[in-house]
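As stored in work.cif (mmCIF, N, CA and C atoms):
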data_structure
loop_
_atom_site.group_PDB
_atom_site.id
_atom_site.type_symbol
_atom_site.label_atom_id
_atom_site.label_comp_id
_atom_site.auth_asym_id
_atom_site.auth_seq_id
_atom_site.Cartn_x
_atom_site.Cartn_y
_atom_site.Cartn_z
ATOM 1 N N MET V 1 -20.083 -55.075 -46.967
ATOM 2 C CA MET V 1 -19.469 -55.813 -45.881
ATOM 3 C C MET V 1 -18.163 -56.428 -46.398
ATOM 4 N N THR V 2 -17.092 -56.263 -45.651
ATOM 5 C CA THR V 2 -15.793 -56.784 -46.067
ATOM 6 C C THR V 2 -15.670 -58.264 -45.700
ATOM 7 N N SER V 3 -14.676 -58.929 -46.289
ATOM 8 C CA SER V 3 -14.455 -60.336 -45.961
ATOM 9 C C SER V 3 -14.055 -60.492 -44.490
ATOM 10 N N THR V 4 -13.376 -59.503 -43.945
ATOM 11 C CA THR V 4 -13.019 -59.534 -42.520
ATOM 12 C C THR V 4 -14.273 -59.487 -41.658
ATOM 13 N N ASP V 5 -15.230 -58.643 -42.046
ATOM 14 C CA ASP V 5 -16.502 -58.551 -41.318
ATOM 15 C C ASP V 5 -17.279 -59.864 -41.410
ATOM 16 N N ILE V 6 -17.296 -60.438 -42.609
ATOM 17 C CA ILE V 6 -18.004 -61.706 -42.809
ATOM 18 C C ILE V 6 -17.368 -62.803 -41.963
ATOM 19 N N ALA V 7 -16.040 -62.897 -41.990
ATOM 20 C CA ALA V 7 -15.330 -63.917 -41.216
ATOM 21 C C ALA V 7 -15.610 -63.751 -39.722
ATOM 22 N N ALA V 8 -15.633 -62.524 -39.245
ATOM 23 C CA ALA V 8 -15.909 -62.267 -37.829
ATOM 24 C C ALA V 8 -17.332 -62.696 -37.470
ATOM 25 N N GLU V 9 -18.289 -62.398 -38.340
ATOM 26 C CA GLU V 9 -19.681 -62.778 -38.084
ATOM 27 C C GLU V 9 -19.819 -64.294 -38.089
ATOM 28 N N ILE V 10 -19.185 -64.969 -39.046
ATOM 29 C CA ILE V 10 -19.256 -66.428 -39.123
ATOM 30 C C ILE V 10 -18.620 -67.039 -37.877
ATOM 31 N N HIS V 11 -17.500 -66.500 -37.447
ATOM 32 C CA HIS V 11 -16.829 -66.978 -36.231
ATOM 33 C C HIS V 11 -17.780 -66.863 -35.041
ATOM 34 N N GLU V 12 -18.401 -65.712 -34.884
ATOM 35 C CA GLU V 12 -19.339 -65.493 -33.778
ATOM 36 C C GLU V 12 -20.520 -66.460 -33.840
ATOM 37 N N TYR V 13 -21.037 -66.684 -35.048
ATOM 38 C CA TYR V 13 -22.162 -67.600 -35.223
ATOM 39 C C TYR V 13 -21.768 -69.026 -34.830
ATOM 40 N N ILE V 14 -20.608 -69.465 -35.269
ATOM 41 C CA ILE V 14 -20.143 -70.814 -34.957
ATOM 42 C C ILE V 14 -19.959 -70.979 -33.449
ATOM 43 N N VAL V 15 -19.332 -70.000 -32.824
ATOM 44 C CA VAL V 15 -19.118 -70.076 -31.371
ATOM 45 C C VAL V 15 -20.456 -70.129 -30.647
ATOM 46 N N ALA V 16 -21.379 -69.261 -31.005
ATOM 47 C CA ALA V 16 -22.676 -69.201 -30.323
ATOM 48 C C ALA V 16 -23.551 -70.422 -30.600
ATOM 49 N N THR V 17 -23.495 -70.938 -31.820
ATOM 50 C CA THR V 17 -24.400 -72.009 -32.225
ATOM 51 C C THR V 17 -23.855 -73.403 -31.952
ATOM 52 N N PHE V 18 -22.570 -73.600 -32.211
ATOM 53 C CA PHE V 18 -22.006 -74.941 -32.143
ATOM 54 C C PHE V 18 -21.024 -75.159 -30.987
ATOM 55 N N LEU V 19 -20.501 -74.096 -30.405
ATOM 56 C CA LEU V 19 -19.473 -74.236 -29.370
ATOM 57 C C LEU V 19 -19.845 -73.539 -28.071
ATOM 58 N N ASP V 20 -21.104 -73.324 -27.838
ATOM 59 C CA ASP V 20 -21.548 -72.611 -26.646
ATOM 60 C C ASP V 20 -20.968 -73.244 -25.386
ATOM 61 N N GLY V 21 -20.183 -72.479 -24.675
ATOM 62 C CA GLY V 21 -19.602 -72.939 -23.434
ATOM 63 C C GLY V 21 -18.324 -73.744 -23.582
ATOM 64 N N GLU V 22 -17.901 -74.014 -24.812
ATOM 65 C CA GLU V 22 -16.682 -74.782 -25.040
ATOM 66 C C GLU V 22 -15.507 -73.853 -25.299
ATOM 67 N N ASP V 23 -14.330 -74.387 -25.151
ATOM 68 C CA ASP V 23 -13.110 -73.639 -25.431
ATOM 69 C C ASP V 23 -12.985 -73.474 -26.943
ATOM 70 N N CYS V 24 -12.927 -72.250 -27.406
ATOM 71 C CA CYS V 24 -12.834 -72.000 -28.850
ATOM 72 C C CYS V 24 -11.515 -71.320 -29.218
ATOM 73 N N GLU V 25 -10.512 -71.542 -28.382
ATOM 74 C CA GLU V 25 -9.200 -70.956 -28.607
ATOM 75 C C GLU V 25 -8.582 -71.423 -29.929
ATOM 76 N N ASP V 26 -8.836 -72.672 -30.327
ATOM 77 C CA ASP V 26 -8.259 -73.236 -31.554
ATOM 78 C C ASP V 26 -9.038 -72.862 -32.817
ATOM 79 N N LEU V 27 -10.129 -72.139 -32.672
ATOM 80 C CA LEU V 27 -10.988 -71.830 -33.818
ATOM 81 C C LEU V 27 -10.390 -70.703 -34.660
ATOM 82 N N THR V 28 -9.408 -71.068 -35.462
ATOM 83 C CA THR V 28 -8.804 -70.118 -36.395
ATOM 84 C C THR V 28 -9.596 -70.159 -37.694
ATOM 85 N N HIS V 29 -9.255 -69.304 -38.609
ATOM 86 C CA HIS V 29 -10.009 -69.235 -39.862
ATOM 87 C C HIS V 29 -9.774 -70.439 -40.764
ATOM 88 N N ASP V 30 -8.703 -71.199 -40.522
ATOM 89 C CA ASP V 30 -8.464 -72.395 -41.332
ATOM 90 C C ASP V 30 -8.715 -73.697 -40.560
ATOM 91 N N TYR V 31 -9.265 -73.606 -39.363
ATOM 92 C CA TYR V 31 -9.596 -74.774 -38.542
ATOM 93 C C TYR V 31 -10.659 -75.600 -39.256
ATOM 94 N N ASP V 32 -10.413 -76.899 -39.418
ATOM 95 C CA ASP V 32 -11.337 -77.772 -40.145
ATOM 96 C C ASP V 32 -12.551 -78.090 -39.277
ATOM 97 N N LEU V 33 -13.649 -77.431 -39.568
ATOM 98 C CA LEU V 33 -14.869 -77.547 -38.769
ATOM 99 C C LEU V 33 -15.521 -78.919 -38.892
ATOM 100 N N ILE V 34 -15.420 -79.522 -40.064
ATOM 101 C CA ILE V 34 -16.068 -80.812 -40.303
ATOM 102 C C ILE V 34 -15.232 -81.949 -39.716
ATOM 103 N N ALA V 35 -13.949 -81.985 -40.047
ATOM 104 C CA ALA V 35 -13.075 -83.057 -39.564
ATOM 105 C C ALA V 35 -12.965 -83.063 -38.043
ATOM 106 N N ASN V 36 -13.077 -81.897 -37.431
ATOM 107 C CA ASN V 36 -12.973 -81.800 -35.976
ATOM 108 C C ASN V 36 -14.316 -81.897 -35.265
ATOM 109 N N GLY V 37 -15.383 -82.173 -36.005
ATOM 110 C CA GLY V 37 -16.681 -82.425 -35.392
ATOM 111 C C GLY V 37 -17.442 -81.209 -34.907
ATOM 112 N N VAL V 38 -17.004 -80.032 -35.292
ATOM 113 C CA VAL V 38 -17.732 -78.824 -34.887
ATOM 114 C C VAL V 38 -19.051 -78.746 -35.640
ATOM 115 N N ILE V 39 -18.997 -79.032 -36.939
ATOM 116 C CA ILE V 39 -20.201 -78.999 -37.770
ATOM 117 C C ILE V 39 -20.427 -80.388 -38.356
ATOM 118 N N ASP V 40 -21.620 -80.925 -38.132
ATOM 119 C CA ASP V 40 -22.006 -82.204 -38.719
ATOM 120 C C ASP V 40 -23.036 -81.940 -39.819
ATOM 121 N N SER V 41 -23.710 -82.964 -40.293
ATOM 122 C CA SER V 41 -24.656 -82.779 -41.403
ATOM 123 C C SER V 41 -25.801 -81.837 -41.030
ATOM 124 N N LEU V 42 -26.317 -81.950 -39.831
ATOM 125 C CA LEU V 42 -27.368 -81.028 -39.390
ATOM 126 C C LEU V 42 -26.802 -79.621 -39.239
ATOM 127 N N GLY V 43 -25.586 -79.529 -38.761
ATOM 128 C CA GLY V 43 -24.917 -78.239 -38.639
ATOM 129 C C GLY V 43 -24.723 -77.569 -39.986
ATOM 130 N N LEU V 44 -24.435 -78.373 -41.023
ATOM 131 C CA LEU V 44 -24.308 -77.809 -42.368
ATOM 132 C C LEU V 44 -25.619 -77.192 -42.829
ATOM 133 N N VAL V 45 -26.712 -77.877 -42.546
ATOM 134 C CA VAL V 45 -28.032 -77.346 -42.910
ATOM 135 C C VAL V 45 -28.288 -76.031 -42.180
ATOM 136 N N ARG V 46 -27.955 -75.989 -40.904
ATOM 137 C CA ARG V 46 -28.146 -74.762 -40.127
ATOM 138 C C ARG V 46 -27.267 -73.632 -40.657
ATOM 139 N N MET V 47 -26.022 -73.951 -41.014
ATOM 140 C CA MET V 47 -25.100 -72.944 -41.534
ATOM 141 C C MET V 47 -25.599 -72.408 -42.883
ATOM 142 N N VAL V 48 -26.023 -73.290 -43.760
ATOM 143 C CA VAL V 48 -26.544 -72.863 -45.066
ATOM 144 C C VAL V 48 -27.766 -71.971 -44.878
ATOM 145 N N SER V 49 -28.650 -72.344 -43.983
ATOM 146 C CA SER V 49 -29.837 -71.541 -43.714
ATOM 147 C C SER V 49 -29.458 -70.160 -43.179
ATOM 148 N N HIS V 50 -28.527 -70.122 -42.264
ATOM 149 C CA HIS V 50 -28.057 -68.856 -41.688
ATOM 150 C C HIS V 50 -27.472 -67.959 -42.778
ATOM 151 N N ILE V 51 -26.617 -68.517 -43.594
ATOM 152 C CA ILE V 51 -25.967 -67.747 -44.660
ATOM 153 C C ILE V 51 -27.001 -67.237 -45.657
ATOM 154 N N GLY V 52 -27.926 -68.101 -46.042
ATOM 155 C CA GLY V 52 -28.959 -67.679 -46.980
ATOM 156 C C GLY V 52 -29.780 -66.523 -46.454
ATOM 157 N N ARG V 53 -30.143 -66.621 -45.194
ATOM 158 C CA ARG V 53 -30.972 -65.589 -44.570
ATOM 159 C C ARG V 53 -30.190 -64.282 -44.372
ATOM 160 N N LEU V 54 -29.032 -64.369 -43.747
ATOM 161 C CA LEU V 54 -28.281 -63.170 -43.385
ATOM 162 C C LEU V 54 -27.678 -62.462 -44.587
ATOM 163 N N TYR V 55 -27.146 -63.229 -45.527
ATOM 164 C CA TYR V 55 -26.454 -62.628 -46.669
ATOM 165 C C TYR V 55 -27.310 -62.598 -47.933
ATOM 166 N N GLU V 56 -28.577 -62.967 -47.770
ATOM 167 C CA GLU V 56 -29.557 -62.920 -48.857
ATOM 168 C C GLU V 56 -29.061 -63.651 -50.101
ATOM 169 N N LEU V 57 -28.536 -64.851 -49.876
ATOM 170 C CA LEU V 57 -28.083 -65.693 -50.978
ATOM 171 C C LEU V 57 -29.160 -66.734 -51.280
ATOM 172 N N PRO V 58 -29.469 -66.934 -52.550
ATOM 173 C CA PRO V 58 -30.474 -67.938 -52.909
ATOM 174 C C PRO V 58 -29.852 -69.339 -52.868
ATOM 175 N N VAL V 59 -29.641 -69.862 -51.674
ATOM 176 C CA VAL V 59 -28.894 -71.104 -51.510
ATOM 177 C C VAL V 59 -29.510 -72.282 -52.265
ATOM 178 N N ASP V 60 -30.798 -72.257 -52.490
ATOM 179 C CA ASP V 60 -31.432 -73.334 -53.254
ATOM 180 C C ASP V 60 -30.953 -73.348 -54.701
ATOM 181 N N ASP V 61 -30.480 -72.218 -55.191
ATOM 182 C CA ASP V 61 -30.049 -72.099 -56.580
ATOM 183 C C ASP V 61 -28.535 -72.187 -56.751
ATOM 184 N N LEU V 62 -27.794 -72.313 -55.659
ATOM 185 C CA LEU V 62 -26.336 -72.309 -55.718
ATOM 186 C C LEU V 62 -25.782 -73.723 -55.683
ATOM 187 N N ASP V 63 -24.644 -73.896 -56.357
ATOM 188 C CA ASP V 63 -23.943 -75.175 -56.353
ATOM 189 C C ASP V 63 -22.896 -75.138 -55.248
ATOM 190 N N PHE V 64 -23.037 -75.995 -54.246
ATOM 191 C CA PHE V 64 -22.079 -76.025 -53.142
ATOM 192 C C PHE V 64 -22.057 -77.413 -52.528
ATOM 193 N N GLY V 65 -21.040 -77.653 -51.730
ATOM 194 C CA GLY V 65 -20.896 -78.929 -51.035
ATOM 195 C C GLY V 65 -20.205 -78.713 -49.708
ATOM 196 N N PRO V 66 -19.970 -79.785 -48.974
ATOM 197 C CA PRO V 66 -19.332 -79.675 -47.654
ATOM 198 C C PRO V 66 -17.985 -78.950 -47.687
ATOM 199 N N ALA V 67 -17.237 -79.078 -48.753
ATOM 200 C CA ALA V 67 -15.929 -78.413 -48.844
ATOM 201 C C ALA V 67 -16.056 -76.898 -48.726
ATOM 202 N N ASP V 68 -17.187 -76.349 -49.151
ATOM 203 C CA ASP V 68 -17.409 -74.902 -49.062
ATOM 204 C C ASP V 68 -17.642 -74.449 -47.614
ATOM 205 N N PHE V 69 -17.841 -75.405 -46.706
ATOM 206 C CA PHE V 69 -18.137 -75.083 -45.315
ATOM 207 C C PHE V 69 -17.135 -75.731 -44.357
ATOM 208 N N ARG V 70 -15.976 -76.070 -44.882
ATOM 209 C CA ARG V 70 -14.957 -76.771 -44.101
ATOM 210 C C ARG V 70 -14.298 -75.882 -43.051
ATOM 211 N N SER V 71 -14.204 -74.589 -43.320
ATOM 212 C CA SER V 71 -13.546 -73.666 -42.382
ATOM 213 C C SER V 71 -14.192 -72.293 -42.500
ATOM 214 N N ILE V 72 -13.846 -71.430 -41.577
ATOM 215 C CA ILE V 72 -14.348 -70.058 -41.656
ATOM 216 C C ILE V 72 -13.857 -69.406 -42.941
ATOM 217 N N ALA V 73 -12.629 -69.697 -43.339
ATOM 218 C CA ALA V 73 -12.071 -69.129 -44.569
ATOM 219 C C ALA V 73 -12.855 -69.585 -45.802
ATOM 220 N N THR V 74 -13.206 -70.875 -45.883
ATOM 221 C CA THR V 74 -13.944 -71.348 -47.056
ATOM 222 C C THR V 74 -15.385 -70.833 -47.055
ATOM 223 N N ILE V 75 -15.978 -70.702 -45.887
ATOM 224 C CA ILE V 75 -17.334 -70.143 -45.802
ATOM 225 C C ILE V 75 -17.320 -68.679 -46.247
ATOM 226 N N THR V 76 -16.328 -67.929 -45.779
ATOM 227 C CA THR V 76 -16.191 -66.519 -46.159
ATOM 228 C C THR V 76 -15.991 -66.391 -47.658
ATOM 229 N N ALA V 77 -15.149 -67.239 -48.235
ATOM 230 C CA ALA V 77 -14.911 -67.215 -49.684
ATOM 231 C C ALA V 77 -16.185 -67.559 -50.460
ATOM 232 N N PHE V 78 -16.940 -68.538 -49.972
ATOM 233 C CA PHE V 78 -18.200 -68.925 -50.601
ATOM 234 C C PHE V 78 -19.181 -67.762 -50.618
ATOM 235 N N ILE V 79 -19.318 -67.095 -49.491
ATOM 236 C CA ILE V 79 -20.231 -65.948 -49.411
ATOM 237 C C ILE V 79 -19.761 -64.837 -50.335
ATOM 238 N N GLY V 80 -18.472 -64.530 -50.298
ATOM 239 C CA GLY V 80 -17.932 -63.457 -51.145
ATOM 240 C C GLY V 80 -18.120 -63.749 -52.615
ATOM 241 N N ALA V 81 -17.788 -64.956 -53.045
ATOM 242 C CA ALA V 81 -17.908 -65.311 -54.463
ATOM 243 C C ALA V 81 -19.344 -65.252 -54.934
ATOM 244 N N ASN V 82 -20.261 -65.748 -54.134
ATOM 245 C CA ASN V 82 -21.661 -65.781 -54.542
ATOM 246 C C ASN V 82 -22.333 -64.416 -54.407
ATOM 247 N N SER V 83 -21.888 -63.606 -53.492
ATOM 248 C CA SER V 83 -22.417 -62.238 -53.374
ATOM 249 C C SER V 83 -22.002 -61.423 -54.585
ATOM 250 N N ARG V 84 -20.736 -61.559 -55.004
ATOM 251 C CA ARG V 84 -20.250 -60.839 -56.198
ATOM 252 C C ARG V 84 -20.951 -61.316 -57.457
ATOM 253 N N ALA V 85 -21.185 -62.619 -57.545
ATOM 254 C CA ALA V 85 -21.856 -63.172 -58.725
ATOM 255 C C ALA V 85 -23.278 -62.617 -58.847
ATOM 256 N N LEU V 86 -23.950 -62.459 -57.727
ATOM 257 C CA LEU V 86 -25.308 -61.933 -57.754
ATOM 258 C C LEU V 86 -25.331 -60.444 -58.075
ATOM 259 N N ALA V 87 -24.286 -59.731 -57.644
ATOM 260 C CA ALA V 87 -24.217 -58.285 -57.877
ATOM 261 C C ALA V 87 -23.877 -57.953 -59.320
ATOM 262 N N ALA V 88 -23.248 -58.895 -60.009
ATOM 263 C CA ALA V 88 -22.817 -58.633 -61.400
ATOM 264 C C ALA V 88 -23.969 -58.696 -62.369
#

Mind converting the file's structure to structure tokens?
Amino acid sequence: MTSTDIAAEIHEYIVATFLDGEDCEDLTHDYDLIANGVIDSLGLVRMVSHIGRLYELPVDDLDFGPADFRSIATITAFIGANSRALAA
């Protein structure tokens, strides 16, 4: 799966899960999801769970924080970096 595919899937997940029925025109890949209130602490838990399940990442064993989930770009980078680390 390419980073473009991952970013598209994350975008779709965010729209469906956190922005259902809302205007998501401003949701670019660098849009700050936390500062703009799209994802809160419970949302972070849901996002981590989704990523762990879908991308088969052992999230309990990974070092991460809110900064890794600040935008679609940072989430995509987090998934890519940890997927490569597991494959090596």

request  = Determine which residues of chain V DSSP labels as alpha helix (DSSP H) from the backbone of this structure, then write them out as a VMD selection string.
outcome  = chain V and resid 3 to 18 41 to 54 72 to 87

query = Can you tell me how far atom N of Asn36 (chain V) sits from atom C of Ala73 (chain V), in Å to one decimal?
reply = 14.9 Å

query = Do you have the CA of Asp60 (chain V)-atom C of Val48 (chain V) distance handy?
reply = 9.2 Å

Starting from the displayed file, determine the output of the PyMOL selection byres (((chain V and resi 13-26 and name CA) around 9) and name CA) and express the residue list as a tab-separated table (two decimals) with N, CA and C atoms, in the frame of the given file.
chain	number	residue	atom	x	y	z
V	8	ALA	N	-15.63	-62.52	-39.24
V	8	ALA	CA	-15.91	-62.27	-37.83
V	8	ALA	C	-17.33	-62.70	-37.47
V	9	GLU	N	-18.29	-62.40	-38.34
V	9	GLU	CA	-19.68	-62.78	-38.08
V	9	GLU	C	-19.82	-64.29	-38.09
V	10	ILE	N	-19.18	-64.97	-39.05
V	10	ILE	CA	-19.26	-66.43	-39.12
V	10	ILE	C	-18.62	-67.04	-37.88
V	11	HIS	N	-17.50	-66.50	-37.45
V	11	HIS	CA	-16.83	-66.98	-36.23
V	11	HIS	C	-17.78	-66.86	-35.04
V	12	GLU	N	-18.40	-65.71	-34.88
V	12	GLU	CA	-19.34	-65.49	-33.78
V	12	GLU	C	-20.52	-66.46	-33.84
V	27	LEU	N	-10.13	-72.14	-32.67
V	27	LEU	CA	-10.99	-71.83	-33.82
V	27	LEU	C	-10.39	-70.70	-34.66
V	28	THR	N	-9.41	-71.07	-35.46
V	28	THR	CA	-8.80	-70.12	-36.40
V	28	THR	C	-9.60	-70.16	-37.69
V	31	TYR	N	-9.26	-73.61	-39.36
V	31	TYR	CA	-9.60	-74.77	-38.54
V	31	TYR	C	-10.66	-75.60	-39.26
V	38	VAL	N	-17.00	-80.03	-35.29
V	38	VAL	CA	-17.73	-78.82	-34.89
V	38	VAL	C	-19.05	-78.75	-35.64
V	39	ILE	N	-19.00	-79.03	-36.94
V	39	ILE	CA	-20.20	-79.00	-37.77
V	39	ILE	C	-20.43	-80.39	-38.36
V	43	GLY	N	-25.59	-79.53	-38.76
V	43	GLY	CA	-24.92	-78.24	-38.64
V	43	GLY	C	-24.72	-77.57	-39.99
V	47	MET	N	-26.02	-73.95	-41.01
V	47	MET	CA	-25.10	-72.94	-41.53
V	47	MET	C	-25.60	-72.41	-42.88
V	50	HIS	N	-28.53	-70.12	-42.26
V	50	HIS	CA	-28.06	-68.86	-41.69
V	50	HIS	C	-27.47	-67.96	-42.78
V	72	ILE	N	-13.85	-71.43	-41.58
V	72	ILE	CA	-14.35	-70.06	-41.66
V	72	ILE	C	-13.86	-69.41	-42.94

ask   = Which value, in Å to one decimal, gives the distance between atom C of His29 (chain V) and atom C of Arg70 (chain V)?
value =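 Atom-to-atom, atom C of His29 (chain V) and atom C of Arg70 (chain V) are spaced 7.4 Å apart.
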
Can we get region 51-70 of chain V of that structure written down with N, CA, C and O atoms, as a PDB file, in the first residue's frame?
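Writing done, so here's result26.pdb:
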ATOM      1  N   ILE V  51      -5.899   2.099  13.361  1.00  0.00           N
ATOM      2  CA  ILE V  51      -4.603   1.906  12.701  1.00  0.00           C
ATOM      3  C   ILE V  51      -4.010   0.551  13.073  1.00  0.00           C
ATOM      4  O   ILE V  51      -3.495  -0.167  12.218  1.00  0.00           O
ATOM      5  N   GLY V  52      -4.071   0.212  14.349  1.00  0.00           N
ATOM      6  CA  GLY V  52      -3.541  -1.077  14.778  1.00  0.00           C
ATOM      7  C   GLY V  52      -4.221  -2.239  14.089  1.00  0.00           C
ATOM      8  O   GLY V  52      -3.569  -3.179  13.623  1.00  0.00           O
ATOM      9  N   ARG V  53      -5.530  -2.149  14.001  1.00  0.00           N
ATOM     10  CA  ARG V  53      -6.316  -3.223  13.391  1.00  0.00           C
ATOM     11  C   ARG V  53      -6.093  -3.291  11.873  1.00  0.00           C
ATOM     12  O   ARG V  53      -5.769  -4.346  11.341  1.00  0.00           O
ATOM     13  N   LEU V  54      -6.257  -2.172  11.195  1.00  0.00           N
ATOM     14  CA  LEU V  54      -6.209  -2.164   9.736  1.00  0.00           C
ATOM     15  C   LEU V  54      -4.809  -2.393   9.188  1.00  0.00           C
ATOM     16  O   LEU V  54      -4.627  -3.121   8.214  1.00  0.00           O
ATOM     17  N   TYR V  55      -3.815  -1.783   9.814  1.00  0.00           N
ATOM     18  CA  TYR V  55      -2.448  -1.866   9.293  1.00  0.00           C
ATOM     19  C   TYR V  55      -1.588  -2.878  10.046  1.00  0.00           C
ATOM     20  O   TYR V  55      -0.391  -2.967   9.830  1.00  0.00           O
ATOM     21  N   GLU V  56      -2.235  -3.626  10.934  1.00  0.00           N
ATOM     22  CA  GLU V  56      -1.582  -4.700  11.685  1.00  0.00           C
ATOM     23  C   GLU V  56      -0.315  -4.215  12.385  1.00  0.00           C
ATOM     24  O   GLU V  56       0.732  -4.867  12.347  1.00  0.00           O
ATOM     25  N   LEU V  57      -0.443  -3.070  13.047  1.00  0.00           N
ATOM     26  CA  LEU V  57       0.666  -2.521  13.820  1.00  0.00           C
ATOM     27  C   LEU V  57       0.457  -2.860  15.296  1.00  0.00           C
ATOM     28  O   LEU V  57      -0.645  -2.693  15.815  1.00  0.00           O
ATOM     29  N   PRO V  58       1.501  -3.314  15.966  1.00  0.00           N
ATOM     30  CA  PRO V  58       1.374  -3.632  17.391  1.00  0.00           C
ATOM     31  C   PRO V  58       1.435  -2.344  18.221  1.00  0.00           C
ATOM     32  O   PRO V  58       2.446  -2.035  18.850  1.00  0.00           O
ATOM     33  N   VAL V  59       0.358  -1.581  18.215  1.00  0.00           N
ATOM     34  CA  VAL V  59       0.364  -0.253  18.819  1.00  0.00           C
ATOM     35  C   VAL V  59       0.730  -0.268  20.303  1.00  0.00           C
ATOM     36  O   VAL V  59       1.261   0.717  20.808  1.00  0.00           O
ATOM     37  N   ASP V  60       0.471  -1.352  20.985  1.00  0.00           N
ATOM     38  CA  ASP V  60       0.848  -1.440  22.398  1.00  0.00           C
ATOM     39  C   ASP V  60       2.362  -1.424  22.573  1.00  0.00           C
ATOM     40  O   ASP V  60       2.858  -1.056  23.638  1.00  0.00           O
ATOM     41  N   ASP V  61       3.092  -1.812  21.545  1.00  0.00           N
ATOM     42  CA  ASP V  61       4.547  -1.892  21.619  1.00  0.00           C
ATOM     43  C   ASP V  61       5.250  -0.695  20.986  1.00  0.00           C
ATOM     44  O   ASP V  61       6.478  -0.638  20.994  1.00  0.00           O
ATOM     45  N   LEU V  62       4.498   0.236  20.417  1.00  0.00           N
ATOM     46  CA  LEU V  62       5.086   1.367  19.706  1.00  0.00           C
ATOM     47  C   LEU V  62       5.125   2.607  20.583  1.00  0.00           C
ATOM     48  O   LEU V  62       4.263   2.818  21.431  1.00  0.00           O
ATOM     49  N   ASP V  63       6.149   3.428  20.346  1.00  0.00           N
ATOM     50  CA  ASP V  63       6.284   4.700  21.048  1.00  0.00           C
ATOM     51  C   ASP V  63       5.646   5.784  20.189  1.00  0.00           C
ATOM     52  O   ASP V  63       6.085   6.017  19.064  1.00  0.00           O
ATOM     53  N   PHE V  64       4.587   6.410  20.686  1.00  0.00           N
ATOM     54  CA  PHE V  64       3.912   7.461  19.927  1.00  0.00           C
ATOM     55  C   PHE V  64       3.224   8.415  20.886  1.00  0.00           C
ATOM     56  O   PHE V  64       3.056   8.131  22.071  1.00  0.00           O
ATOM     57  N   GLY V  65       2.833   9.553  20.356  1.00  0.00           N
ATOM     58  CA  GLY V  65       2.125  10.561  21.140  1.00  0.00           C
ATOM     59  C   GLY V  65       1.168  11.320  20.251  1.00  0.00           C
ATOM     60  O   GLY V  65       1.063  11.054  19.045  1.00  0.00           O
ATOM     61  N   PRO V  66       0.475  12.295  20.811  1.00  0.00           N
ATOM     62  CA  PRO V  66      -0.504  13.070  20.037  1.00  0.00           C
ATOM     63  C   PRO V  66       0.085  13.715  18.780  1.00  0.00           C
ATOM     64  O   PRO V  66      -0.619  13.842  17.776  1.00  0.00           O
ATOM     65  N   ALA V  67       1.334  14.104  18.809  1.00  0.00           N
ATOM     66  CA  ALA V  67       1.957  14.737  17.638  1.00  0.00           C
ATOM     67  C   ALA V  67       1.940  13.815  16.422  1.00  0.00           C
ATOM     68  O   ALA V  67       1.881  14.283  15.283  1.00  0.00           O
ATOM     69  N   ASP V  68       1.972  12.509  16.652  1.00  0.00           N
ATOM     70  CA  ASP V  68       1.942  11.543  15.548  1.00  0.00           C
ATOM     71  C   ASP V  68       0.557  11.473  14.889  1.00  0.00           C
ATOM     72  O   ASP V  68       0.419  10.882  13.815  1.00  0.00           O
ATOM     73  N   PHE V  69      -0.445  12.085  15.522  1.00  0.00           N
ATOM     74  CA  PHE V  69      -1.812  12.026  15.018  1.00  0.00           C
ATOM     75  C   PHE V  69      -2.393  13.422  14.787  1.00  0.00           C
ATOM     76  O   PHE V  69      -3.588  13.610  14.731  1.00  0.00           O
ATOM     77  N   ARG V  70      -1.514  14.391  14.635  1.00  0.00           N
ATOM     78  CA  ARG V  70      -1.931  15.785  14.487  1.00  0.00           C
ATOM     79  C   ARG V  70      -2.581  16.071  13.137  1.00  0.00           C
ATOM     80  O   ARG V  70      -3.446  16.928  13.026  1.00  0.00           O
TER      81      ARG V  70
END
